[in-house]
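Below is target11.txt, which holds compact mmCIF, C-alpha atoms.
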# COMPACT_ATOMS: atom_id res chain seq x y z
CA MET A 1 2.12 60.84 0.31
CA LYS A 2 0.30 57.79 1.62
CA LYS A 3 2.15 55.53 -0.79
CA GLN A 4 5.49 56.87 0.36
CA ILE A 5 4.68 56.15 4.01
CA VAL A 6 3.62 52.59 3.19
CA ALA A 7 6.80 52.06 1.17
CA ALA A 8 8.96 53.42 3.98
CA VAL A 9 7.29 51.16 6.57
CA LEU A 10 7.69 48.12 4.33
CA PHE A 11 11.35 48.90 3.74
CA ALA A 12 11.98 49.31 7.46
CA CYS A 13 10.27 46.02 8.23
CA THR A 14 12.14 43.99 5.63
CA SER A 15 15.52 45.42 6.55
CA ALA A 16 14.87 44.76 10.23
CA PHE A 17 13.83 41.18 9.43
CA LEU A 18 16.87 40.57 7.24
CA SER A 19 19.33 41.91 9.83
CA THR A 20 17.84 39.84 12.67
CA SER A 21 17.75 36.65 10.63
CA ALA A 22 21.39 37.12 9.62
CA LEU A 23 22.45 37.63 13.24
CA GLY A 24 19.95 35.16 14.68
CA THR A 25 21.63 31.90 13.61
CA PRO A 26 23.76 30.60 16.47
CA GLU A 27 27.23 29.64 15.29
CA SER A 28 28.46 26.22 16.41
CA LYS A 29 31.53 26.64 18.55
CA PRO A 30 34.19 23.98 18.88
CA ASP A 31 33.99 22.79 22.45
CA ALA A 32 36.62 20.77 24.33
CA GLU A 33 33.90 18.81 26.16
CA ILE A 34 32.44 17.29 23.00
CA ASN A 35 35.75 16.04 21.62
CA ASN A 36 35.52 12.29 20.92
CA GLY A 37 39.22 11.84 21.65
CA GLY A 38 39.90 10.24 18.30
CA VAL A 39 37.70 7.21 19.06
CA ALA A 40 35.93 5.85 16.03
CA SER A 41 32.40 4.59 16.51
CA LEU A 42 29.71 3.30 14.19
CA ARG A 43 29.21 6.94 13.27
CA GLY A 44 32.74 7.00 11.88
CA ASN A 45 35.61 9.07 13.20
CA VAL A 46 33.72 12.33 13.60
CA GLU A 47 33.22 14.81 16.39
CA LEU A 48 30.02 14.40 18.33
CA ASN A 49 28.69 17.77 17.26
CA THR A 50 29.10 17.15 13.55
CA GLN A 51 26.72 15.10 11.51
CA GLN A 52 28.33 12.37 9.44
CA GLN A 53 27.17 12.18 5.84
CA PRO A 54 25.16 8.94 5.79
CA GLU A 55 26.21 6.16 3.46
CA ALA A 56 23.98 5.22 0.56
CA LEU A 57 21.37 2.61 1.46
CA LYS A 58 22.41 -0.95 0.62
CA LYS A 59 20.26 -3.08 -1.62
CA VAL A 60 18.92 -6.27 -0.11
CA ILE A 61 19.72 -9.48 -1.99
CA ALA A 62 16.57 -9.95 -4.06
CA ASP A 63 16.43 -13.69 -4.60
CA ARG A 64 18.99 -16.48 -4.35
CA GLY A 65 19.37 -19.95 -2.86
CA PRO A 66 19.92 -20.60 0.85
CA ILE A 67 22.94 -18.86 2.42
CA GLU A 68 25.43 -21.23 4.09
CA ARG A 69 25.48 -21.22 7.85
CA GLN A 70 28.66 -20.08 9.59
CA TYR A 71 28.28 -21.83 12.94
CA VAL A 72 26.10 -24.48 14.55
CA HIS A 73 22.66 -23.19 15.60
CA GLN A 74 23.02 -20.05 13.52
CA PRO A 75 19.55 -18.88 12.49
CA PRO A 76 19.55 -19.22 8.68
CA MET A 77 19.62 -15.85 6.96
CA ILE A 78 16.94 -14.67 4.56
CA PRO A 79 18.14 -14.91 0.94
CA HIS A 80 15.28 -12.86 -0.53
CA ASN A 81 13.59 -9.50 -0.40
CA ILE A 82 11.00 -9.13 2.36
CA ARG A 83 9.53 -5.76 1.56
CA HIS A 84 6.05 -5.33 3.07
CA TYR A 85 6.05 -8.79 4.66
CA GLU A 86 3.50 -8.52 7.41
CA VAL A 87 4.22 -10.25 10.70
CA ASP A 88 1.72 -9.27 13.37
CA LEU A 89 -1.30 -10.45 15.30
CA ASN A 90 -3.36 -10.89 12.13
CA ALA A 91 -0.97 -12.50 9.68
CA ASN A 92 2.51 -13.94 9.32
CA LYS A 93 3.68 -13.64 5.73
CA CYS A 94 6.82 -15.70 6.38
CA LEU A 95 4.78 -18.66 7.59
CA SER A 96 2.62 -18.57 4.48
CA CYS A 97 5.61 -20.30 2.81
CA HIS A 98 7.84 -21.58 5.63
CA SER A 99 5.24 -23.19 7.89
CA TRP A 100 4.96 -26.99 7.86
CA LYS A 101 1.52 -26.63 6.31
CA ASN A 102 2.73 -24.60 3.32
CA ALA A 103 6.39 -25.51 2.87
CA ARG A 104 5.75 -28.54 0.68
CA GLU A 105 3.82 -26.59 -1.91
CA SER A 106 6.04 -23.52 -1.85
CA GLY A 107 9.34 -25.39 -1.80
CA ALA A 108 10.60 -23.18 1.03
CA THR A 109 12.66 -24.34 4.00
CA LYS A 110 10.48 -25.55 6.86
CA ILE A 111 10.86 -23.92 10.26
CA SER A 112 12.55 -26.29 12.69
CA PRO A 113 10.58 -28.08 15.44
CA THR A 114 12.37 -25.94 18.03
CA HIS A 115 10.01 -23.15 16.96
CA PHE A 116 7.13 -25.05 18.55
CA GLU A 117 8.76 -25.24 21.97
CA THR A 118 8.10 -23.03 24.92
CA ARG A 119 10.90 -21.70 27.06
CA GLU A 120 10.40 -24.66 29.42
CA GLY A 121 10.82 -27.14 26.58
CA MET A 122 7.16 -28.09 26.16
CA THR A 123 6.14 -28.66 22.54
CA LEU A 124 3.03 -26.79 21.39
CA SER A 125 0.68 -27.57 18.51
CA ASP A 126 1.65 -24.40 16.63
CA VAL A 127 4.49 -21.90 16.53
CA SER A 128 5.39 -20.75 20.01
CA PRO A 129 4.65 -17.06 20.61
CA ARG A 130 8.29 -16.48 21.58
CA ARG A 131 9.39 -17.71 18.13
CA TYR A 132 6.65 -16.02 16.10
CA PHE A 133 8.52 -12.86 15.13
CA CYS A 134 10.88 -14.27 12.51
CA LEU A 135 12.94 -11.11 12.04
CA GLN A 136 14.19 -11.19 15.61
CA CYS A 137 16.72 -13.83 14.49
CA HIS A 138 16.44 -14.22 10.71
CA VAL A 139 17.45 -11.20 8.68
CA PRO A 140 17.86 -10.41 4.99
CA GLN A 141 21.36 -9.74 3.68
CA ALA A 142 23.04 -7.06 1.63
CA ASP A 143 26.37 -7.27 -0.15
CA ALA A 144 28.19 -5.00 2.31
CA ALA A 145 31.71 -4.89 3.72
CA PRO A 146 31.95 -5.46 7.50
CA LEU A 147 31.96 -2.20 9.47
CA VAL A 148 34.77 -3.46 11.67
CA GLU A 149 37.50 -5.78 10.43
CA ASN A 150 37.35 -9.25 11.94
CA GLU A 151 38.96 -12.65 11.42
CA PHE A 152 35.93 -14.85 11.99
CA LYS A 153 36.13 -18.16 10.15
CA PRO A 154 33.10 -20.43 9.64
CA VAL A 155 33.32 -23.89 11.16
CA ASP A 156 34.48 -26.65 8.82
CA ALA A 157 31.67 -29.05 9.63
CA LEU A 158 29.00 -26.86 8.04
CA ASN A 159 30.72 -25.94 4.80
CA MET B 1 -54.95 18.95 -3.48
CA PHE B 2 -54.90 15.72 -5.43
CA LYS B 3 -57.11 17.16 -8.14
CA LYS B 4 -54.82 20.15 -8.49
CA LEU B 5 -51.84 17.87 -9.01
CA ILE B 6 -53.68 15.90 -11.68
CA ALA B 7 -54.65 19.13 -13.43
CA TRP B 8 -51.06 20.31 -13.34
CA LEU B 9 -49.78 17.02 -14.70
CA LYS B 10 -52.33 17.13 -17.50
CA GLN B 11 -51.23 20.64 -18.41
CA MET B 12 -47.57 19.61 -18.46
CA TRP B 13 -48.41 16.62 -20.60
CA LEU B 14 -50.18 18.94 -23.05
CA ILE B 15 -47.19 21.28 -23.22
CA MET B 16 -44.79 18.40 -23.78
CA ARG B 17 -46.96 16.90 -26.51
CA SER B 18 -47.71 20.01 -28.52
CA PRO B 19 -45.14 20.97 -31.17
CA SER B 20 -43.05 24.02 -30.36
CA SER B 21 -42.65 26.93 -32.70
CA ALA B 22 -38.85 26.97 -32.26
CA SER B 23 -36.78 26.13 -35.32
CA LEU B 24 -35.50 22.60 -35.80
CA GLY B 25 -31.96 23.95 -35.81
CA PHE B 26 -32.45 25.55 -32.40
CA ILE B 27 -33.94 22.38 -30.96
CA LEU B 28 -31.06 20.30 -32.33
CA PHE B 29 -28.59 22.83 -30.93
CA LEU B 30 -30.21 22.62 -27.48
CA GLY B 31 -30.22 18.84 -27.58
CA PHE B 32 -26.62 18.64 -28.71
CA PHE B 33 -25.13 21.06 -26.18
CA GLY B 34 -27.48 19.98 -23.43
CA GLY B 35 -26.23 16.46 -24.07
CA ILE B 36 -22.59 17.46 -23.83
CA ILE B 37 -23.17 19.33 -20.58
CA PHE B 38 -25.22 16.56 -19.03
CA TRP B 39 -22.91 13.73 -20.06
CA GLY B 40 -19.77 15.67 -19.20
CA GLY B 41 -21.18 16.71 -15.85
CA PHE B 42 -22.26 13.17 -15.08
CA ASN B 43 -18.86 11.69 -15.82
CA THR B 44 -16.99 14.47 -14.04
CA GLY B 45 -19.17 13.93 -11.00
CA MET B 46 -18.53 10.22 -11.10
CA GLU B 47 -14.79 10.65 -11.53
CA ALA B 48 -14.83 12.89 -8.46
CA THR B 49 -15.98 9.85 -6.47
CA ASN B 50 -12.92 7.97 -7.76
CA THR B 51 -10.31 10.24 -6.20
CA GLU B 52 -8.16 9.33 -3.20
CA ALA B 53 -9.43 12.38 -1.34
CA PHE B 54 -13.00 11.16 -1.70
CA CYS B 55 -12.17 7.61 -0.55
CA SER B 56 -10.18 8.77 2.46
CA GLY B 57 -13.21 10.75 3.62
CA CYS B 58 -14.36 7.50 5.24
CA HIS B 59 -11.54 4.98 4.74
CA ALA B 60 -8.69 7.14 6.05
CA PRO B 61 -6.76 4.40 7.89
CA ILE B 62 -6.66 2.21 4.79
CA VAL B 63 -5.57 5.01 2.50
CA GLU B 64 -2.59 5.56 4.82
CA GLU B 65 -1.60 1.91 4.71
CA ILE B 66 -0.86 1.86 1.02
CA GLN B 67 1.92 4.41 1.41
CA GLU B 68 4.58 1.90 2.44
CA THR B 69 3.71 -0.58 -0.29
CA ILE B 70 5.10 -0.89 -3.78
CA HIS B 71 1.84 0.30 -5.30
CA TYR B 72 2.48 3.73 -3.79
CA SER B 73 6.24 4.18 -3.64
CA ASN B 74 8.60 2.52 -6.08
CA ARG B 75 11.57 2.90 -8.39
CA SER B 76 9.80 4.27 -11.44
CA GLY B 77 7.05 6.35 -9.87
CA VAL B 78 4.09 4.56 -11.41
CA ARG B 79 1.39 4.11 -8.84
CA ALA B 80 -2.15 2.91 -8.33
CA ILE B 81 -4.87 4.82 -6.49
CA CYS B 82 -7.86 3.25 -4.72
CA SER B 83 -10.17 3.26 -7.71
CA ASP B 84 -7.60 1.60 -10.00
CA CYS B 85 -8.10 -1.62 -8.04
CA HIS B 86 -11.49 -1.21 -6.39
CA VAL B 87 -13.60 0.21 -9.23
CA PRO B 88 -13.94 -1.70 -12.51
CA HIS B 89 -12.63 0.22 -15.52
CA ASN B 90 -15.20 -1.04 -17.98
CA TRP B 91 -18.06 1.47 -18.05
CA THR B 92 -21.03 -0.87 -17.46
CA ASP B 93 -19.26 -2.72 -14.65
CA LYS B 94 -18.29 0.61 -13.16
CA MET B 95 -21.94 1.74 -13.14
CA ILE B 96 -22.97 -1.50 -11.42
CA ARG B 97 -20.25 -1.14 -8.79
CA LYS B 98 -21.16 2.50 -8.17
CA VAL B 99 -24.79 1.59 -7.60
CA GLN B 100 -23.71 -1.19 -5.21
CA ALA B 101 -21.54 1.34 -3.44
CA SER B 102 -24.58 3.44 -2.59
CA LYS B 103 -25.07 0.89 0.20
CA GLU B 104 -21.88 2.24 1.72
CA LEU B 105 -23.63 5.57 2.20
CA VAL B 106 -26.01 3.83 4.59
CA ALA B 107 -23.02 2.38 6.45
CA PHE B 108 -21.55 5.86 6.57
CA ALA B 109 -24.77 7.31 8.00
CA MET B 110 -24.95 4.53 10.60
CA GLY B 111 -21.28 4.91 11.48
CA THR B 112 -20.51 1.23 10.86
CA ILE B 113 -16.73 1.77 10.66
CA ASP B 114 -16.37 5.28 12.03
CA THR B 115 -13.80 4.38 14.69
CA PRO B 116 -10.57 2.40 14.23
CA GLU B 117 -11.87 -0.25 16.65
CA LYS B 118 -15.08 -0.79 14.66
CA PHE B 119 -13.06 -0.82 11.46
CA TYR B 120 -10.58 -3.48 12.64
CA GLU B 121 -13.47 -5.53 13.98
CA ARG B 122 -15.12 -5.52 10.56
CA ARG B 123 -11.98 -5.74 8.53
CA ARG B 124 -12.08 -9.46 7.75
CA HIS B 125 -15.67 -9.13 6.52
CA LEU B 126 -14.74 -6.24 4.24
CA ALA B 127 -11.65 -8.06 2.95
CA ASP B 128 -13.61 -11.27 2.32
CA ARG B 129 -16.09 -9.36 0.18
CA GLU B 130 -13.39 -7.71 -1.87
CA TRP B 131 -11.47 -10.98 -2.35
CA ALA B 132 -14.68 -12.65 -3.50
CA ARG B 133 -15.34 -9.83 -5.96
CA MET B 134 -11.82 -10.06 -7.41
CA LYS B 135 -11.99 -13.83 -7.61
CA LYS B 136 -15.29 -13.62 -9.47
CA ASN B 137 -14.02 -11.24 -12.15
CA ASN B 138 -10.70 -13.13 -12.51
CA SER B 139 -8.76 -10.29 -10.84
CA GLN B 140 -9.63 -7.97 -13.69
CA GLU B 141 -8.37 -4.88 -11.86
CA CYS B 142 -4.90 -6.46 -11.43
CA ARG B 143 -4.86 -7.45 -15.06
CA ASN B 144 -5.65 -3.94 -16.24
CA CYS B 145 -1.95 -3.28 -15.62
CA HIS B 146 -0.37 -6.71 -15.08
CA GLU B 147 -1.20 -8.55 -18.27
CA PHE B 148 -0.41 -12.23 -18.22
CA ALA B 149 0.31 -12.35 -21.95
CA PHE B 150 3.23 -9.94 -21.54
CA MET B 151 4.85 -11.50 -18.47
CA ASP B 152 8.46 -12.43 -19.17
CA PHE B 153 9.14 -15.57 -17.14
CA SER B 154 12.88 -15.20 -17.68
CA GLU B 155 12.72 -11.99 -15.63
CA GLN B 156 10.80 -13.58 -12.76
CA GLY B 157 12.13 -15.48 -9.79
CA PRO B 158 12.00 -19.30 -9.97
CA ARG B 159 9.16 -19.51 -7.48
CA SER B 160 7.09 -16.92 -9.35
CA VAL B 161 7.63 -18.83 -12.58
CA SER B 162 6.59 -22.12 -11.04
CA MET B 163 3.30 -20.60 -9.88
CA HIS B 164 2.55 -18.33 -12.83
CA SER B 165 3.34 -20.87 -15.53
CA THR B 166 1.10 -23.52 -13.98
CA ALA B 167 -1.85 -22.50 -11.81
CA LEU B 168 -2.22 -19.00 -13.20
CA ALA B 169 -1.67 -19.99 -16.83
CA SER B 170 -4.25 -22.77 -16.66
CA GLY B 171 -6.80 -20.49 -15.01
CA ASP B 172 -7.01 -22.64 -11.85
CA LYS B 173 -5.96 -19.68 -9.77
CA THR B 174 -6.27 -15.97 -10.20
CA CYS B 175 -4.02 -13.15 -8.93
CA ILE B 176 -5.92 -12.52 -5.68
CA ASP B 177 -5.68 -16.16 -4.61
CA CYS B 178 -2.04 -15.59 -3.66
CA HIS B 179 -1.51 -11.83 -3.74
CA LYS B 180 -3.58 -10.75 -0.76
CA GLY B 181 -2.71 -7.70 1.27
CA ILE B 182 -0.37 -6.29 -1.37
CA ALA B 183 -1.64 -2.75 -0.87
CA HIS B 184 -3.10 -3.00 2.64
CA LYS B 185 -2.48 -4.55 5.99
CA LEU B 186 -4.19 -7.90 6.35
CA PRO B 187 -7.16 -8.76 8.55
CA ASP B 188 -7.06 -11.81 10.85
CA MET B 189 -6.04 -14.53 8.38
CA GLN B 190 -7.28 -17.47 10.44
CA GLY B 191 -8.70 -20.06 8.06
CA VAL B 192 -7.77 -18.31 4.82
CA GLU B 193 -6.40 -20.76 2.26
CA GLY B 194 -2.61 -20.67 2.06
CA TRP B 195 -2.12 -18.85 5.38

Translate the structure described by the file into structure tokens.
Amino acid sequence: MKKQIVAAVLFACTSAFLSTSALGTPESKPDAEINNGGVASLRGNVELNTQQQPEALKKVIADRGPIERQYVHQPPMIPHNIRHYEVDLNANKCLSCHSWKNARESGATKISPTHFETREGMTLSDVSPRRYFCLQCHVPQADAAPLVENEFKPVDALN
Amino acid sequence: MFKKLIAWLKQMWLIMRSPSSASLGFILFLGFFGGIIFWGGFNTGMEATNTEAFCSGCHAPIVEEIQETIHYSNRSGVRAICSDCHVPHNWTDKMIRKVQASKELVAFAMGTIDTPEKFYERRRHLADREWARMKKNNSQECRNCHEFAFMDFSEQGPRSVSMHSTALASGDKTCIDCHKGIAHKLPDMQGVEGW
């Protein structure tokens, strides 16, 4: 008798749970207010309430020679992998090769003297704090097609 | 009190010295299995102090730091845990290191690095000690996996080759001289050679 009661209670509980969970999920309704009007963005041409399937991650170029500059004063791009390069208050991994002190031995490109200048044009004895965080301007590259078509042509003088 | 102790010691000495009436086979059996249990227990206990969970009991912030590095997460899923690099693999060296590490229990009791602030303050000191240890044993813990004799220079980048085939090959430099902070964040690197 006892067993039967327990079984009945269990059955009631599970069926109640199943029915509520089936009904409980709110269905997404198409809404006129979240229509993107056919405008493509970096998310692709998708409605705002749908999640675009992300593209596969691109592989960073592991190691090659310097990448040609496209325009005058372009910050040179990073032609190597920089995984786990630490740039913070304690250490700057980039400067352990690219600083004037270490560039000769490592064979890396030296940072330019402009990196020692303050905003007012005064030259300091070491890298200026405003130029310390290399990745603000210099970035590694992947072999990826441009997201938006463009007709940019590099200047002749540099190539 | 003192006399009682002496008397007790004398009695124990007598018991230990007098031959027992147990059979030789039984005594050998006891010695053999007692040995297995003692030795097994000893090594199991020691291995327990080599686990990540044990290390992170005190060094939690460091154990977190390794997670973004290649020694934790990588293409093929091979990884190193704390003791792979910080405890020698050779048995005698391991014993010596473990005895040295008993000093860390004092630091634990005194709370030397029990807050992040204290830890970051002391970080350079701790790093210096570990670099010195690795330098002294020719980066043995790196070489347990990364054996120089099996490095294929044709697979390495030009800069790696130029360093490995000269300074490393001749023994002028050892792994840790260049590869600092490969599994951790770095301390203040002011004055460290090459930084």

message: Tell me as a count of residues only which residues belonging to chain B come within 12 Å of chain A, counting only C-alpha atoms.
response: 41

query: Of the candidates B:Leu105, B:Asp128, B:Trp91, B:Asn144, which one gets nearest to Asn43 of chain B if we count all atoms listed in the file?
result: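 Smallest distance to Asn43 of chain B is found for B:Trp91.
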
message: Set the distance at 6 Å and use only C-alpha atoms: which residues neighbour segment 112-116 of chain A once local chain neighbours fewer than 3 positions away are removed? I'd like the list as a ChimeraX atom specification.
response: /A:123-124,126-128,131

message: What's around His80 of chain A at 10 Å? Count all atoms listed in the file, leave out sequence neighbours fewer than 6 positions away in its own chain, and write the answer as a PyMOL selection string.
response: chain A and resi 60-66+139-142

- prompt: Given the choices B:Thr49, B:Thr166, B:Gly77, B:Lys135, which gets closest to Lys94 of chain B if the distance is worked out from only C-alpha atoms?
  reply: B:Thr49

Find the residues near Glu55 of chain A: any atom within 12 Å, counting all atoms listed in the file, skip ones fewer than 5 places away on the same chain, and give them as a short mmCIF file (atom, residue, chain, number, x, y, z; two decimals) with C-alpha atoms, in the frame of the given file.
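The result, stored in around_24.cif:
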data_model
loop_
_atom_site.label_atom_id
_atom_site.label_comp_id
_atom_site.auth_asym_id
_atom_site.auth_seq_id
_atom_site.Cartn_x
_atom_site.Cartn_y
_atom_site.Cartn_z
CA LEU A 42 29.71 3.30 14.19
CA ARG A 43 29.21 6.94 13.27
CA GLY A 44 32.74 7.00 11.88
CA ALA A 144 28.19 -5.00 2.31
CA LEU A 147 31.96 -2.20 9.47
#

If I wrap all listed atoms of segment 97-106 of chain B in a box with edges along x, y and z and add 8 Å on each side, what are its centre and edge lengths in Å to one decimal, as lines of an AutoDock Vina configuration file?
center_x = -23.1
center_y = 2.2
center_z = -2.1
size_x = 21.8
size_y = 22.8
size_z = 29.4

field: For Ala157 of chain A: contacts at 12 Å, only C-alpha atoms, fewer than 6 positions along chain excluded, given as a list in words
entry: Glu68, Arg69, Gln70, Tyr71 and Val72 of chain A

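Atom CA of Phe38 of chain B to atom CA of Ala101 of chain B spans 22.1 Å [interatomic distance, one decimal].
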
- prompt: What is the atom CA of Asn138 of chain B to atom CA of Thr174 of chain B distance in Å?
  reply: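 Computing it gives 5.7 Å between the two atoms.
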
Select, counting all atoms listed in the file, all protein, DNA and RNA residues no farther than 8 Å from (-14.2, 3.0, 6.5) in file coordinates, and express the selection as a PDB file with C-alpha atoms, in the frame of the given file.
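Result file follows (result_34.pdb):
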ATOM      1  CA  CYS B  58     -14.360   7.500   5.240  1.00  0.00           C
ATOM      2  CA  HIS B  59     -11.540   4.980   4.740  1.00  0.00           C
ATOM      3  CA  ALA B  60      -8.690   7.140   6.050  1.00  0.00           C
ATOM      4  CA  PRO B  61      -6.760   4.400   7.890  1.00  0.00           C
ATOM      5  CA  ILE B  62      -6.660   2.210   4.790  1.00  0.00           C
ATOM      6  CA  PHE B 108     -21.550   5.860   6.570  1.00  0.00           C
ATOM      7  CA  THR B 112     -20.510   1.230  10.860  1.00  0.00           C
ATOM      8  CA  ILE B 113     -16.730   1.770  10.660  1.00  0.00           C
ATOM      9  CA  ASP B 114     -16.370   5.280  12.030  1.00  0.00           C
ATOM     10  CA  PHE B 119     -13.060  -0.820  11.460  1.00  0.00           C
TER      11      PHE B 119
END

- request: Considering only C-alpha atoms, return as a PyMOL selection string whatever protein or nucleic-acid residues lie within 7 Å of segment 79-90 of chain B, sequence-local ones (same chain, fewer than 5 positions apart) excluded.
  value: chain B and resi 50+52+71-72+97+141-142

- prompt: In Å, how far is it from atom CA of Arg119 of chain A to atom CA of Pro75 of chain A?
  reply: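 Separation between atom CA of Arg119 of chain A and atom CA of Pro75 of chain A: 17.2 Å.
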